[in-house]
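Source file: query.txt. Holds: compact mmCIF, C-alpha atoms.
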# COMPACT_ATOMS: atom_id res chain seq x y z
CA MET Y 1431 24.02 40.06 71.38
CA ARG Y 1432 27.63 40.89 70.62
CA ARG Y 1433 27.01 44.63 71.28
CA ARG Y 1434 25.42 43.92 74.67
CA ALA Y 1435 28.41 41.81 75.68
CA VAL Y 1436 30.86 44.58 74.78
CA LEU Y 1437 28.84 47.20 76.64
CA GLY Y 1438 28.80 44.90 79.66
CA THR Y 1439 32.58 44.82 79.48
CA LEU Y 1440 32.64 48.64 79.49
CA GLY Y 1441 30.60 48.73 82.69
CA ALA Y 1442 32.88 46.25 84.43
CA LEU Y 1443 36.00 48.13 83.36
CA GLY Y 1444 34.59 51.46 84.50
CA ALA Y 1445 33.60 50.10 87.90
CA THR Y 1446 37.00 48.50 88.41
CA ALA Y 1447 38.91 51.64 87.40
CA ALA Y 1448 36.77 53.92 89.57
CA ALA Y 1449 37.64 51.77 92.57
CA ALA Y 1450 41.37 51.74 91.80
CA PRO Y 1451 43.54 51.86 94.93
CA LEU Y 1452 45.41 55.02 95.89
CA GLY Y 1453 49.18 55.43 96.00
CA PRO Y 1454 51.97 54.32 93.65
CA GLY Y 1455 52.56 50.99 95.33
CA ALA Y 1456 48.88 50.08 95.42
CA ALA Y 1457 48.53 51.20 91.83
CA HIS Y 1458 51.32 48.90 90.67
CA ALA Y 1459 49.63 46.03 92.51
CA GLY Y 1460 46.36 46.94 90.81
CA VAL Y 1461 48.03 46.81 87.41
CA ALA Y 1462 49.47 43.36 88.03
CA SER Y 1463 46.13 42.11 89.34
CA ALA Y 1464 44.16 43.60 86.42
CA ALA Y 1465 46.59 42.28 83.83
CA SER Y 1466 46.51 38.74 85.22
CA ALA Y 1467 42.79 38.61 86.00
CA ARG Y 1468 41.35 40.03 82.79
CA PRO Y 1469 42.79 39.65 79.29
CA ARG Y 1470 42.65 42.40 76.75
CA PRO Y 1471 39.27 42.55 74.96
CA VAL Y 1472 39.17 40.90 71.54
CA GLY Y 1473 36.80 41.95 68.76
CA PRO Y 1474 36.25 39.53 65.89
CA VAL Y 1475 35.66 40.73 62.34
CA ASP Y 1476 31.99 41.39 61.72
CA GLN Y 1477 31.48 38.93 58.88
CA GLU Y 1478 28.23 40.51 57.73
CA VAL Y 1479 29.86 43.91 57.40
CA ALA Y 1480 32.96 42.39 55.77
CA ALA Y 1481 30.84 40.56 53.18
CA ALA Y 1482 29.31 43.88 52.12
CA HIS Y 1483 32.72 45.37 51.26
CA SER Y 1484 35.06 44.73 48.36
CA ILE Y 1485 38.56 43.28 48.39
CA ALA Y 1486 39.87 46.87 48.52
CA TYR Y 1487 38.99 46.88 52.23
CA LYS Y 1488 40.87 43.66 52.90
CA ALA Y 1489 44.10 43.73 50.86
CA LEU Y 1490 47.05 46.12 50.83
CA PRO Y 1491 46.55 48.94 48.30
CA GLN Y 1492 48.78 49.54 45.30
CA GLU Y 1493 50.02 52.76 46.96
CA ALA Y 1494 51.83 50.67 49.59
CA VAL Y 1495 53.70 48.51 47.10
CA GLY Y 1496 57.41 49.29 47.00
CA VAL Y 1497 57.23 51.83 49.84
CA ASP Y 1498 59.90 51.45 52.51
CA ALA Y 1499 58.17 53.03 55.51
CA GLU Y 1500 61.41 52.85 57.52
CA THR Y 1501 63.00 55.48 55.29
CA LEU Y 1502 60.05 57.84 55.84
CA MET Y 1503 60.82 58.11 59.55
CA THR Y 1504 63.48 60.64 60.53
CA VAL Y 1505 63.56 59.99 64.30
CA HIS Y 1506 65.90 57.28 65.59
CA THR Y 1507 66.69 58.44 69.13
CA GLU Y 1508 65.06 60.35 71.97
CA ASP Y 1509 67.29 63.29 71.08
CA ASP Y 1510 65.86 63.24 67.55
CA VAL Y 1511 62.37 63.29 69.06
CA ALA Y 1512 63.17 66.28 71.26
CA ARG Y 1513 64.74 68.25 68.40
CA LEU Y 1514 61.87 67.62 66.01
CA ARG Y 1515 59.26 68.45 68.66
CA THR Y 1516 60.95 71.77 69.40
CA ALA Y 1517 61.07 72.64 65.70
CA LEU Y 1518 57.39 71.77 65.18
CA VAL Y 1519 56.26 73.78 68.20
CA ALA Y 1520 58.35 76.73 66.96
CA GLU Y 1521 56.63 76.54 63.59
CA VAL Y 1522 53.09 76.39 64.99
CA TRP Y 1523 53.62 79.30 67.39
CA LYS Y 1524 56.27 81.09 65.31
CA SER Y 1525 58.47 81.20 68.38
CA ALA Y 1526 62.22 81.30 68.72
CA ASP Y 1527 62.41 79.01 71.75
CA GLY Y 1528 60.10 76.21 70.61
CA ARG Y 1529 58.09 76.28 73.83
CA LEU Y 1530 54.39 75.63 74.21
CA PRO Y 1531 52.23 78.60 75.26
CA SER Y 1532 51.97 79.30 78.99
CA ALA Y 1533 48.60 81.10 78.86
CA LEU Y 1534 45.64 80.10 81.01
CA PRO Y 1535 41.97 80.06 80.02
CA GLU Y 1536 39.14 82.14 81.40
CA VAL Y 1537 37.30 79.87 83.83
CA GLU Y 1538 33.60 79.81 84.77
CA LEU Y 1539 32.86 77.38 87.59
CA GLY Y 1540 29.71 75.32 87.93
CA VAL Y 1541 27.97 76.22 84.68
CA THR Y 1542 24.97 74.64 83.01
CA ALA Y 1543 25.85 73.36 79.55
CA PRO Y 1544 22.79 72.75 77.37
CA GLU Y 1545 25.18 72.32 74.41
CA LEU Y 1546 26.30 68.98 75.84
CA PRO Y 1547 24.55 65.62 75.92
CA ALA Y 1548 23.42 64.33 79.30
CA PHE Y 1549 26.02 62.79 81.60
CA SER Y 1550 25.66 61.07 84.96
CA GLY Y 1551 28.07 61.04 87.88
CA VAL Y 1552 29.16 64.65 87.25
CA ARG Y 1553 29.91 66.76 90.31
CA ARG Y 1554 30.49 70.01 88.42
CA ILE Y 1555 30.91 71.39 84.89
CA ASP Y 1556 33.33 74.26 84.28
CA ARG Y 1557 33.59 76.28 81.09
CA LEU Y 1558 37.10 77.15 79.92
CA THR Y 1559 37.38 79.89 77.29
CA VAL Y 1560 40.60 80.04 75.29
CA ARG Y 1561 41.17 83.40 73.58
CA LEU Y 1562 42.96 83.03 70.25
CA PRO Y 1563 44.35 85.48 67.69
CA TYR Y 1564 41.97 87.25 65.32
CA GLY Y 1565 39.28 87.36 67.98
CA LEU Y 1566 38.54 83.65 67.77
CA SER Y 1567 37.50 81.78 70.90
CA SER Y 1568 37.52 78.10 71.75
CA ILE Y 1569 35.30 76.66 74.48
CA VAL Y 1570 36.37 73.61 76.50
CA PHE Y 1571 34.05 71.95 79.00
CA LEU Y 1572 35.60 70.35 82.07
CA LEU Y 1573 33.50 67.62 83.70
CA LEU Y 1574 34.52 66.67 87.21
CA PRO Y 1575 33.34 63.25 88.45
CA HIS Y 1576 31.70 62.53 91.79
CA ARG Y 1577 34.19 59.72 92.48
CA THR Y 1578 37.84 59.23 91.67
CA GLY Y 1579 40.59 57.23 93.30
CA HIS Y 1580 43.46 58.20 91.02
CA GLY Y 1581 43.28 61.90 90.10
CA ARG Y 1582 43.69 61.37 86.36
CA PHE Y 1583 42.22 63.46 83.55
CA ALA Y 1584 41.35 62.75 79.93
CA PHE Y 1585 40.76 64.97 76.91
CA TYR Y 1586 38.07 63.93 74.44
CA HIS Y 1587 38.21 65.78 71.11
CA ASN Y 1588 35.32 65.60 68.67
CA GLY Y 1589 35.76 66.09 64.94
CA HIS Y 1590 34.03 67.94 62.14
CA GLY Y 1591 30.47 67.93 63.39
CA GLU Y 1592 30.01 64.28 64.33
CA GLU Y 1593 26.83 63.59 66.27
CA PRO Y 1594 27.32 63.53 70.05
CA SER Y 1595 26.75 59.78 70.53
CA THR Y 1596 30.44 58.83 70.45
CA MET Y 1597 31.40 61.79 72.64
CA GLN Y 1598 28.69 60.87 75.12
CA ARG Y 1599 29.58 57.17 75.25
CA THR Y 1600 33.31 57.79 75.56
CA ALA Y 1601 33.13 60.63 78.09
CA GLN Y 1602 30.59 58.76 80.22
CA ALA Y 1603 32.84 55.68 80.36
CA LEU Y 1604 35.75 57.88 81.46
CA LEU Y 1605 33.64 59.60 84.10
CA ASP Y 1606 32.51 56.20 85.37
CA ALA Y 1607 36.18 55.26 85.61
CA GLY Y 1608 36.88 58.30 87.79
CA TYR Y 1609 38.48 60.57 85.18
CA GLY Y 1610 38.02 64.29 85.00
CA VAL Y 1611 37.02 64.80 81.36
CA LEU Y 1612 37.67 67.81 79.13
CA LEU Y 1613 35.50 68.05 76.01
CA PHE Y 1614 36.94 69.76 72.92
CA ALA Y 1615 35.42 70.63 69.57
CA MET Y 1616 37.21 71.62 66.37
CA PRO Y 1617 37.50 75.36 65.69
CA LEU Y 1618 34.22 76.73 64.26
CA PHE Y 1619 32.32 73.51 65.04
CA HIS Y 1620 29.74 72.46 67.64
CA TRP Y 1621 29.66 74.98 70.50
CA ASN Y 1622 32.64 77.00 69.25
CA PRO Y 1623 32.01 80.47 67.75
CA LYS Y 1624 32.12 80.61 63.97
CA GLU Y 1625 33.30 84.20 63.61
CA LEU Y 1626 36.74 85.76 63.58
CA GLN Y 1627 38.31 89.02 62.52
CA ASP Y 1628 38.96 89.81 58.90
CA PRO Y 1629 42.77 89.60 58.54
CA LEU Y 1630 42.74 92.78 56.46
CA ASP Y 1631 40.21 94.71 58.55
CA PRO Y 1632 40.13 93.83 62.28
CA SER Y 1633 36.96 95.89 62.77
CA ARG Y 1634 35.07 93.47 60.55
CA ARG Y 1635 34.06 89.97 61.63
CA ILE Y 1636 33.67 87.11 59.18
CA THR Y 1637 31.64 83.92 59.56
CA VAL Y 1638 33.69 80.92 58.45
CA GLY Y 1639 31.84 77.72 57.56
CA SER Y 1640 34.77 75.44 56.75
CA HIS Y 1641 38.39 75.06 57.76
CA ASN Y 1642 39.23 75.15 54.07
CA GLU Y 1643 38.29 78.85 54.14
CA LEU Y 1644 41.18 79.68 56.50
CA ALA Y 1645 43.70 80.50 53.75
CA PRO Y 1646 43.54 84.31 54.25
CA TRP Y 1647 44.70 83.92 57.86
CA GLU Y 1648 47.72 81.73 57.02
CA THR Y 1649 50.81 83.94 56.67
CA PRO Y 1650 54.59 83.58 57.12
CA SER Y 1651 54.20 85.09 60.61
CA PHE Y 1652 51.04 83.24 61.70
CA SER Y 1653 50.11 79.56 61.44
CA THR Y 1654 46.42 78.69 61.50
CA LEU Y 1655 47.44 75.45 63.22
CA ARG Y 1656 47.34 77.57 66.37
CA PHE Y 1657 43.55 77.64 66.13
CA PHE Y 1658 43.57 73.84 66.48
CA LEU Y 1659 46.46 73.17 68.86
CA GLU Y 1660 46.42 76.08 71.30
CA PRO Y 1661 43.12 75.16 73.05
CA PRO Y 1662 44.42 71.82 74.35
CA ALA Y 1663 47.71 73.45 75.39
CA VAL Y 1664 45.96 76.19 77.37
CA ALA Y 1665 43.48 73.72 78.89
CA MET Y 1666 46.41 71.49 79.86
CA ASN Y 1667 48.03 74.43 81.65
CA HIS Y 1668 44.85 74.92 83.68
CA VAL Y 1669 44.47 71.26 84.59
CA ARG Y 1670 48.09 70.87 85.60
CA ARG Y 1671 48.11 74.06 87.65
CA THR Y 1672 44.76 73.49 89.37
CA TYR Y 1673 44.58 69.72 89.88
CA ARG Y 1674 48.15 68.39 89.50
CA PRO Y 1675 46.91 65.17 87.85
CA SER Y 1676 48.95 62.00 87.97
CA SER Y 1677 48.45 61.67 84.20
CA VAL Y 1678 46.49 63.16 81.30
CA GLN Y 1679 45.25 61.08 78.37
CA MET Y 1680 43.74 62.12 75.03
CA ILE Y 1681 41.13 60.46 72.82
CA GLY Y 1682 39.81 61.89 69.57
CA LEU Y 1683 37.59 60.98 66.64
CA SER Y 1684 38.06 62.01 63.00
CA GLY Y 1685 39.31 65.62 63.04
CA GLY Y 1686 39.62 65.09 66.78
CA GLY Y 1687 41.65 61.98 65.94
CA TRP Y 1688 44.00 64.24 64.00
CA ALA Y 1689 44.22 66.51 67.06
CA ALA Y 1690 44.88 63.47 69.27
CA THR Y 1691 47.72 62.56 66.90
CA VAL Y 1692 49.43 65.93 66.54
CA TYR Y 1693 48.92 67.53 69.94
CA PRO Y 1694 50.44 64.65 71.97
CA ALA Y 1695 53.37 64.71 69.54
CA LEU Y 1696 54.00 68.32 70.55
CA ASP Y 1697 53.20 68.04 74.26
CA PRO Y 1698 54.81 65.21 76.27
CA ARG Y 1699 52.48 66.06 79.17
CA VAL Y 1700 49.95 63.82 77.40
CA THR Y 1701 50.64 60.37 78.77
CA ARG Y 1702 48.62 58.12 76.47
CA SER Y 1703 46.69 59.00 73.33
CA TYR Y 1704 44.06 57.15 71.27
CA PRO Y 1705 43.49 58.89 67.92
CA THR Y 1706 40.63 57.24 66.05
CA ALA Y 1707 39.95 57.50 62.30
CA GLY Y 1708 42.13 60.59 62.20
CA SER Y 1709 45.15 60.20 59.92
CA LEU Y 1710 47.30 58.20 57.55
CA PRO Y 1711 50.83 58.93 56.29
CA PHE Y 1712 50.93 60.97 53.10
CA TYR Y 1713 51.87 58.05 50.85
CA LEU Y 1714 48.56 56.38 51.74
CA ARG Y 1715 46.28 59.41 51.40
CA SER Y 1716 44.98 58.28 48.00
CA ALA Y 1717 44.63 54.65 49.09
CA PRO Y 1718 41.49 54.37 51.27
CA PRO Y 1719 38.74 52.84 49.10
CA LYS Y 1720 35.85 54.96 50.32
CA PRO Y 1721 34.45 57.54 49.96
CA SER Y 1722 37.27 59.15 47.98
CA PRO Y 1723 40.99 59.87 48.38
CA THR Y 1724 41.37 60.95 51.99
CA THR Y 1725 43.35 64.15 51.65
CA GLY Y 1726 42.13 65.44 54.99
CA ASP Y 1727 40.87 68.86 55.98
CA TRP Y 1728 42.84 72.13 55.99
CA GLU Y 1729 44.88 71.29 59.08
CA GLN Y 1730 45.96 67.88 57.70
CA ARG Y 1731 47.26 68.92 54.31
CA LYS Y 1732 50.89 69.25 53.36
CA ASP Y 1733 50.11 71.70 50.56
CA ARG Y 1734 48.47 74.02 53.12
CA HIS Y 1735 51.23 73.68 55.74
CA PRO Y 1736 54.37 72.90 53.74
CA VAL Y 1737 56.82 73.97 56.47
CA PHE Y 1738 55.21 71.96 59.29
CA TYR Y 1739 54.63 68.81 57.25
CA GLY Y 1740 57.87 69.35 55.38
CA MET Y 1741 59.64 68.58 58.65
CA THR Y 1742 57.64 65.45 59.41
CA ASP Y 1743 55.29 62.84 58.04
CA TYR Y 1744 52.69 61.28 60.29
CA LEU Y 1745 54.94 58.31 61.02
CA ASP Y 1746 57.25 60.59 62.98
CA LEU Y 1747 54.27 62.24 64.70
CA TYR Y 1748 53.12 58.81 65.91
CA ALA Y 1749 56.57 58.27 67.41
CA LEU Y 1750 56.69 61.73 69.00
CA ALA Y 1751 53.36 61.02 70.69
CA SER Y 1752 54.69 57.73 72.09
CA VAL Y 1753 58.25 58.29 73.27
CA GLY Y 1754 58.84 59.20 76.90
CA ALA Y 1755 58.47 57.79 80.39
CA HIS Y 1756 55.13 55.96 80.75
CA ARG Y 1757 53.99 57.36 77.39
CA GLY Y 1758 52.28 55.57 74.56
CA GLN Y 1759 49.85 55.83 71.69
CA MET Y 1760 47.31 53.43 70.24
CA GLN Y 1761 46.16 54.48 66.79
CA ILE Y 1762 42.67 53.16 66.07
CA LEU Y 1763 41.51 52.77 62.47
CA ASN Y 1764 38.16 51.36 61.42
CA ARG Y 1765 38.68 48.95 58.53
CA PHE Y 1766 35.15 49.46 57.20
CA ASP Y 1767 34.76 53.10 58.24
CA GLU Y 1768 31.96 54.74 56.26
CA CYS Y 1769 33.88 58.03 56.16
CA CYS Y 1770 37.62 57.95 55.92
CA PHE Y 1771 41.00 56.37 56.66
CA ASN Y 1772 39.55 52.93 56.01
CA GLY Y 1773 40.98 49.79 54.41
CA VAL Y 1774 44.17 48.06 55.53
CA GLY Y 1775 46.92 50.27 54.11
CA HIS Y 1776 48.11 50.90 57.67
CA ARG Y 1777 49.49 47.37 57.76
CA SER Y 1778 52.35 48.63 55.59
CA TYR Y 1779 53.71 50.84 58.40
CA GLU Y 1780 52.33 49.38 61.63
CA ALA Y 1781 55.31 47.14 62.42
CA VAL Y 1782 57.80 49.82 61.37
CA VAL Y 1783 56.52 52.47 63.79
CA ARG Y 1784 56.08 49.97 66.61
CA GLN Y 1785 59.62 48.67 66.16
CA ARG Y 1786 61.17 52.15 65.89
CA VAL Y 1787 59.51 53.31 69.12
CA GLY Y 1788 60.52 50.04 70.77
CA VAL Y 1789 64.16 50.48 69.72
CA MET Y 1790 64.21 53.94 71.26
CA GLY Y 1791 63.35 52.05 74.43
CA ASN Y 1792 61.14 54.52 76.24
CA GLY Y 1793 57.49 54.44 75.22
CA HIS Y 1794 55.00 52.28 73.36
CA TRP Y 1795 53.10 52.51 70.06
CA GLU Y 1796 50.57 50.17 68.53
CA LEU Y 1797 47.69 50.13 66.08
CA LEU Y 1798 44.23 48.71 66.67
CA GLU Y 1799 42.45 47.73 63.47
CA ASP Y 1800 38.75 47.69 64.34
CA ALA Y 1801 36.70 45.50 62.00
CA THR Y 1802 33.76 44.99 64.36
CA HIS Y 1803 31.49 47.51 62.60
CA GLY Y 1804 31.12 49.81 59.59
CA ASP Y 1805 30.68 53.18 61.28
CA HIS Y 1806 32.73 56.35 61.73
CA THR Y 1807 33.06 56.18 65.49
CA VAL Y 1808 34.99 55.04 68.53
CA SER Y 1809 33.16 51.74 68.72
CA PRO Y 1810 32.11 50.02 71.95
CA PHE Y 1811 34.83 47.44 71.26
CA ALA Y 1812 37.52 50.09 70.72
CA LEU Y 1813 36.40 51.88 73.86
CA SER Y 1814 36.68 48.65 75.85
CA VAL Y 1815 40.28 48.28 74.65
CA ILE Y 1816 41.05 51.91 75.53
CA LEU Y 1817 39.72 51.46 79.05
CA TRP Y 1818 41.63 48.21 79.46
CA ASP Y 1819 44.80 49.86 78.22
CA LEU Y 1820 44.35 52.86 80.52
CA GLN Y 1821 43.87 50.70 83.55
CA VAL Y 1822 46.68 48.25 82.81
CA ARG Y 1823 49.29 50.68 81.48
CA CYS Y 1824 48.43 53.81 83.47
CA GLY Y 1825 47.55 52.13 86.74
CA GLY Y 1826 51.22 52.08 87.64
CA LEU Y 1827 51.77 55.79 87.20
CA PRO Y 1828 52.74 57.77 90.30
Output the file's structure in the form of structure tokens.
Amino acid sequence: MRRRAVLGTLGALGATAAAAPLGPGAAHAGVASAASARPRPVGPVDQEVAAAHSIAYKALPQEAVGVDAETLMTVHTEDDVARLRTALVAEVWKSADGRLPSALPEVELGVTAPELPAFSGVRRIDRLTVRLPYGLSSIVFLLLPHRTGHGRFAFYHNGHGEEPSTMQRTAQALLDAGYGVLLFAMPLFHWNPKELQDPLDPSRRITVGSHNELAPWETPSFSTLRFFLEPPAVAMNHVRRTYRPSSVQMIGLSGGGWAATVYPALDPRVTRSYPTAGSLPFYLRSAPPKPSPTTGDWEQRKDRHPVFYGMTDYLDLYALASVGAHRGQMQILNRFDECCFNGVGHRSYEAVVRQRVGVMGNGHWELLEDATHGDHTVSPFALSVILWDLQVRCGGLP
């Protein structure tokens, strides 16, 4: 019964957003009306799920005791944010100027995409191919809706092989709300090719089954983080050049939640981001109670990327993704997640990051602890909050 009620809320939100009025003035009026007419969705703790989990999922872990999260953040001003962002971009792309790549993808218009789940309300599907170093390619699907009254776009980034149900539910809700939707997969996963050139012999191609096998490609002059972060940058270039959207949002699950944490930190063209079950600061990596210490995959680990993560912990990345005009981030963590980044250790830094971003005075950060289920997903409840937040906070964008 509870699930049907939440899904009903999704339908109402989608219908309202799809019919949003045009023009900055009308949009501001729509925001005020939406905010006053409909409160933010609330999801109570699922008591049956909670009863099946130990106290480790409900109390702060030992790893958080005595940690002053304020001292782990290095950004205090917007200038700090800009300097750190430039340094991080320079490290990923090994560039002197700290600028994001300006490349564009190869574009195929109006393709069939049997790799994708079924969607309704789609006017056209385009395939964007991003060519990366070492002969690797990344495929991005762009779904254009039949109806839109606002011209906004949203990235949805899947993780390490999750089933398509969350992608389908999330992307369909965005399409129903009038968003153009770009679908991303992690390098080597889902529809992305699994072969790249041998770093020692370019004439030879190697099949890679795990990101943890990427060590031979990581060198002082090349960061394998490019494989993960260049596709959204190149796709963003295409969307901005072709459609001139009023705003671009990003949602991601698991490894895609990591991408939806780091990429918006590097690219202020992302307006709002909603990383789900994707990261924790390094001091909490051994804290989640199940299934094991959540060290993260290759792209998440400080020992694999000591220069990049030596400049910043995730607390700063959350701030970088949030600071700027109209910008914001809502980190979503599932308390009873069956996979990773579960428990309540995030309560030890939530107020610190929110307050630091608030003090900088230009942007918004918050954390949604989702205890309505026990799955590794963007739940129907979390999705209802995302859609509410997009309509209320982004409705006023020009």
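In this model, the gap between CA of Gln1477 (chain Y) and CA of Met1760 (chain Y) comes to 24.3 Å.
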Do you know which residues are at most 10 Å from Tyr1673 (chain Y) counting only C-alpha atoms, after dropping those on the same chain fewer than 2 positions away, and could you put them as a list in words? Gly1581, Arg1582, Phe1583, Gly1610, His1668, Val1669, Arg1670, Arg1671, Pro1675 and Ser1676 of chain Y
I need the residues from that last selection saved to file as a PDB file, keeping the file's coordinate frame (with C-alpha atoms), if you can.
ATOM      1  CA  GLY Y1581      43.280  61.900  90.100  1.00  0.00           C
ATOM      2  CA  ARG Y1582      43.690  61.370  86.360  1.00  0.00           C
ATOM      3  CA  PHE Y1583      42.220  63.460  83.550  1.00  0.00           C
ATOM      4  CA  GLY Y1610      38.020  64.290  85.000  1.00  0.00           C
ATOM      5  CA  HIS Y1668      44.850  74.920  83.680  1.00  0.00           C
ATOM      6  CA  VAL Y1669      44.470  71.260  84.590  1.00  0.00           C
ATOM      7  CA  ARG Y1670      48.090  70.870  85.600  1.00  0.00           C
ATOM      8  CA  ARG Y1671      48.110  74.060  87.650  1.00  0.00           C
ATOM      9  CA  PRO Y1675      46.910  65.170  87.850  1.00  0.00           C
ATOM     10  CA  SER Y1676      48.950  62.000  87.970  1.00  0.00           C
TER      11      SER Y1676
END
Hey, can you check how far CA of His1735 (chain Y) sits from CA of Arg1656 (chain Y)?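 Answer for the CA of His1735 (chain Y) to CA of Arg1656 (chain Y) separation: 12.0 Å.
The coordinates place CA of Arg1702 (chain Y) at 14.0 Å from CA of Leu1813 (chain Y).
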Polymer residues at most 9 Å from Phe1571 (chain Y), all atoms listed in the file, same-chain spacing of 3 or more positions, as a short mmCIF file (atom, residue, chain, number, x, y, z; two decimals) with C-alpha atoms, in the frame of the given file:
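In the end it all went to selection13.cif:
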data_model
loop_
_atom_site.label_atom_id
_atom_site.label_comp_id
_atom_site.auth_asym_id
_atom_site.auth_seq_id
_atom_site.Cartn_x
_atom_site.Cartn_y
_atom_site.Cartn_z
CA ALA Y 1543 25.85 73.36 79.55
CA LEU Y 1546 26.30 68.98 75.84
CA ILE Y 1555 30.91 71.39 84.89
CA ASP Y 1556 33.33 74.26 84.28
CA ARG Y 1557 33.59 76.28 81.09
CA LEU Y 1558 37.10 77.15 79.92
CA THR Y 1559 37.38 79.89 77.29
CA VAL Y 1611 37.02 64.80 81.36
CA LEU Y 1612 37.67 67.81 79.13
CA LEU Y 1613 35.50 68.05 76.01
CA PHE Y 1614 36.94 69.76 72.92
#
Each side padded by 8 Å, which centre and which edge lengths in Å (one decimal) define the axis-aligned box around the listed atoms of region 1586-1591 of chain Y? Give them as lines of an AutoDock Vina configuration file.
center_x = 34.3
center_y = 65.9
center_z = 68.3
size_x = 23.7
size_y = 20.0
size_z = 28.3
May I have the residues within 10 Å of Ala1517 (chain Y) as a PDB file with C-alpha atoms, keeping the file's coordinate frame, using all atoms listed in the file and disregarding those fewer than 5 positions away in the same chain?
ATOM      1  CA  ALA Y1512      63.170  66.280  71.260  1.00  0.00           C
ATOM      2  CA  VAL Y1522      53.090  76.390  64.990  1.00  0.00           C
ATOM      3  CA  LYS Y1524      56.270  81.090  65.310  1.00  0.00           C
ATOM      4  CA  SER Y1525      58.470  81.200  68.380  1.00  0.00           C
ATOM      5  CA  ALA Y1526      62.220  81.300  68.720  1.00  0.00           C
ATOM      6  CA  ASP Y1527      62.410  79.010  71.750  1.00  0.00           C
ATOM      7  CA  GLY Y1528      60.100  76.210  70.610  1.00  0.00           C
ATOM      8  CA  ARG Y1529      58.090  76.280  73.830  1.00  0.00           C
ATOM      9  CA  LEU Y1696      54.000  68.320  70.550  1.00  0.00           C
ATOM     10  CA  PHE Y1738      55.210  71.960  59.290  1.00  0.00           C
ATOM     11  CA  MET Y1741      59.640  68.580  58.650  1.00  0.00           C
TER      12      MET Y1741
END
So which residues touch Ala1584 (chain Y) within 12 Å, counting all atoms listed in the file, skipping near sequence neighbours fewer than 6 positions away, as a ChimeraX atom specification? /Y:1571-1575,1600-1605,1607-1614,1662,1665-1666,1669-1670,1675-1682,1690,1699-1704,1816-1817,1820,1824
From Y:Gln1759, Y:Gln1627, Y:Asn1772, Y:Thr1501, residue lying nearest His1794 (chain Y) [all atoms listed in the file]: Y:Gln1759
Which residue gives the smallest distance to Asp1631 (chain Y) among Y:Tyr1564, Y:Glu1593, Y:Phe1657, Y:Pro1694, with all atoms listed in the file counted? Y:Tyr1564
Please check which residues have atoms at most 8 Å from (42.7, 60.3, 67.1) in the file's coordinates, counting all atoms listed in the file, and write them as a short mmCIF file (atom, residue, chain, number, x, y, z; two decimals) with C-alpha atoms, in the frame of the given file.
data_model
loop_
_atom_site.label_atom_id
_atom_site.label_comp_id
_atom_site.auth_asym_id
_atom_site.auth_seq_id
_atom_site.Cartn_x
_atom_site.Cartn_y
_atom_site.Cartn_z
CA ILE Y 1681 41.13 60.46 72.82
CA GLY Y 1682 39.81 61.89 69.57
CA LEU Y 1683 37.59 60.98 66.64
CA SER Y 1684 38.06 62.01 63.00
CA GLY Y 1685 39.31 65.62 63.04
CA GLY Y 1686 39.62 65.09 66.78
CA GLY Y 1687 41.65 61.98 65.94
CA TRP Y 1688 44.00 64.24 64.00
CA ALA Y 1689 44.22 66.51 67.06
CA ALA Y 1690 44.88 63.47 69.27
CA THR Y 1691 47.72 62.56 66.90
CA SER Y 1703 46.69 59.00 73.33
CA TYR Y 1704 44.06 57.15 71.27
CA PRO Y 1705 43.49 58.89 67.92
CA THR Y 1706 40.63 57.24 66.05
CA ALA Y 1707 39.95 57.50 62.30
CA GLY Y 1708 42.13 60.59 62.20
CA SER Y 1709 45.15 60.20 59.92
CA GLN Y 1761 46.16 54.48 66.79
CA ILE Y 1762 42.67 53.16 66.07
#
7 Å contact set for Ala1801 (chain Y), all atoms listed in the file, chain neighbours under 4 positions out, as a PDB file with C-alpha atoms, in the frame of the given file:
ATOM      1  CA  VAL Y1475      35.660  40.730  62.340  1.00  0.00           C
ATOM      2  CA  ASP Y1476      31.990  41.390  61.720  1.00  0.00           C
ATOM      3  CA  ASN Y1764      38.160  51.360  61.420  1.00  0.00           C
ATOM      4  CA  ARG Y1765      38.680  48.950  58.530  1.00  0.00           C
ATOM      5  CA  PHE Y1766      35.150  49.460  57.200  1.00  0.00           C
TER       6      PHE Y1766
END
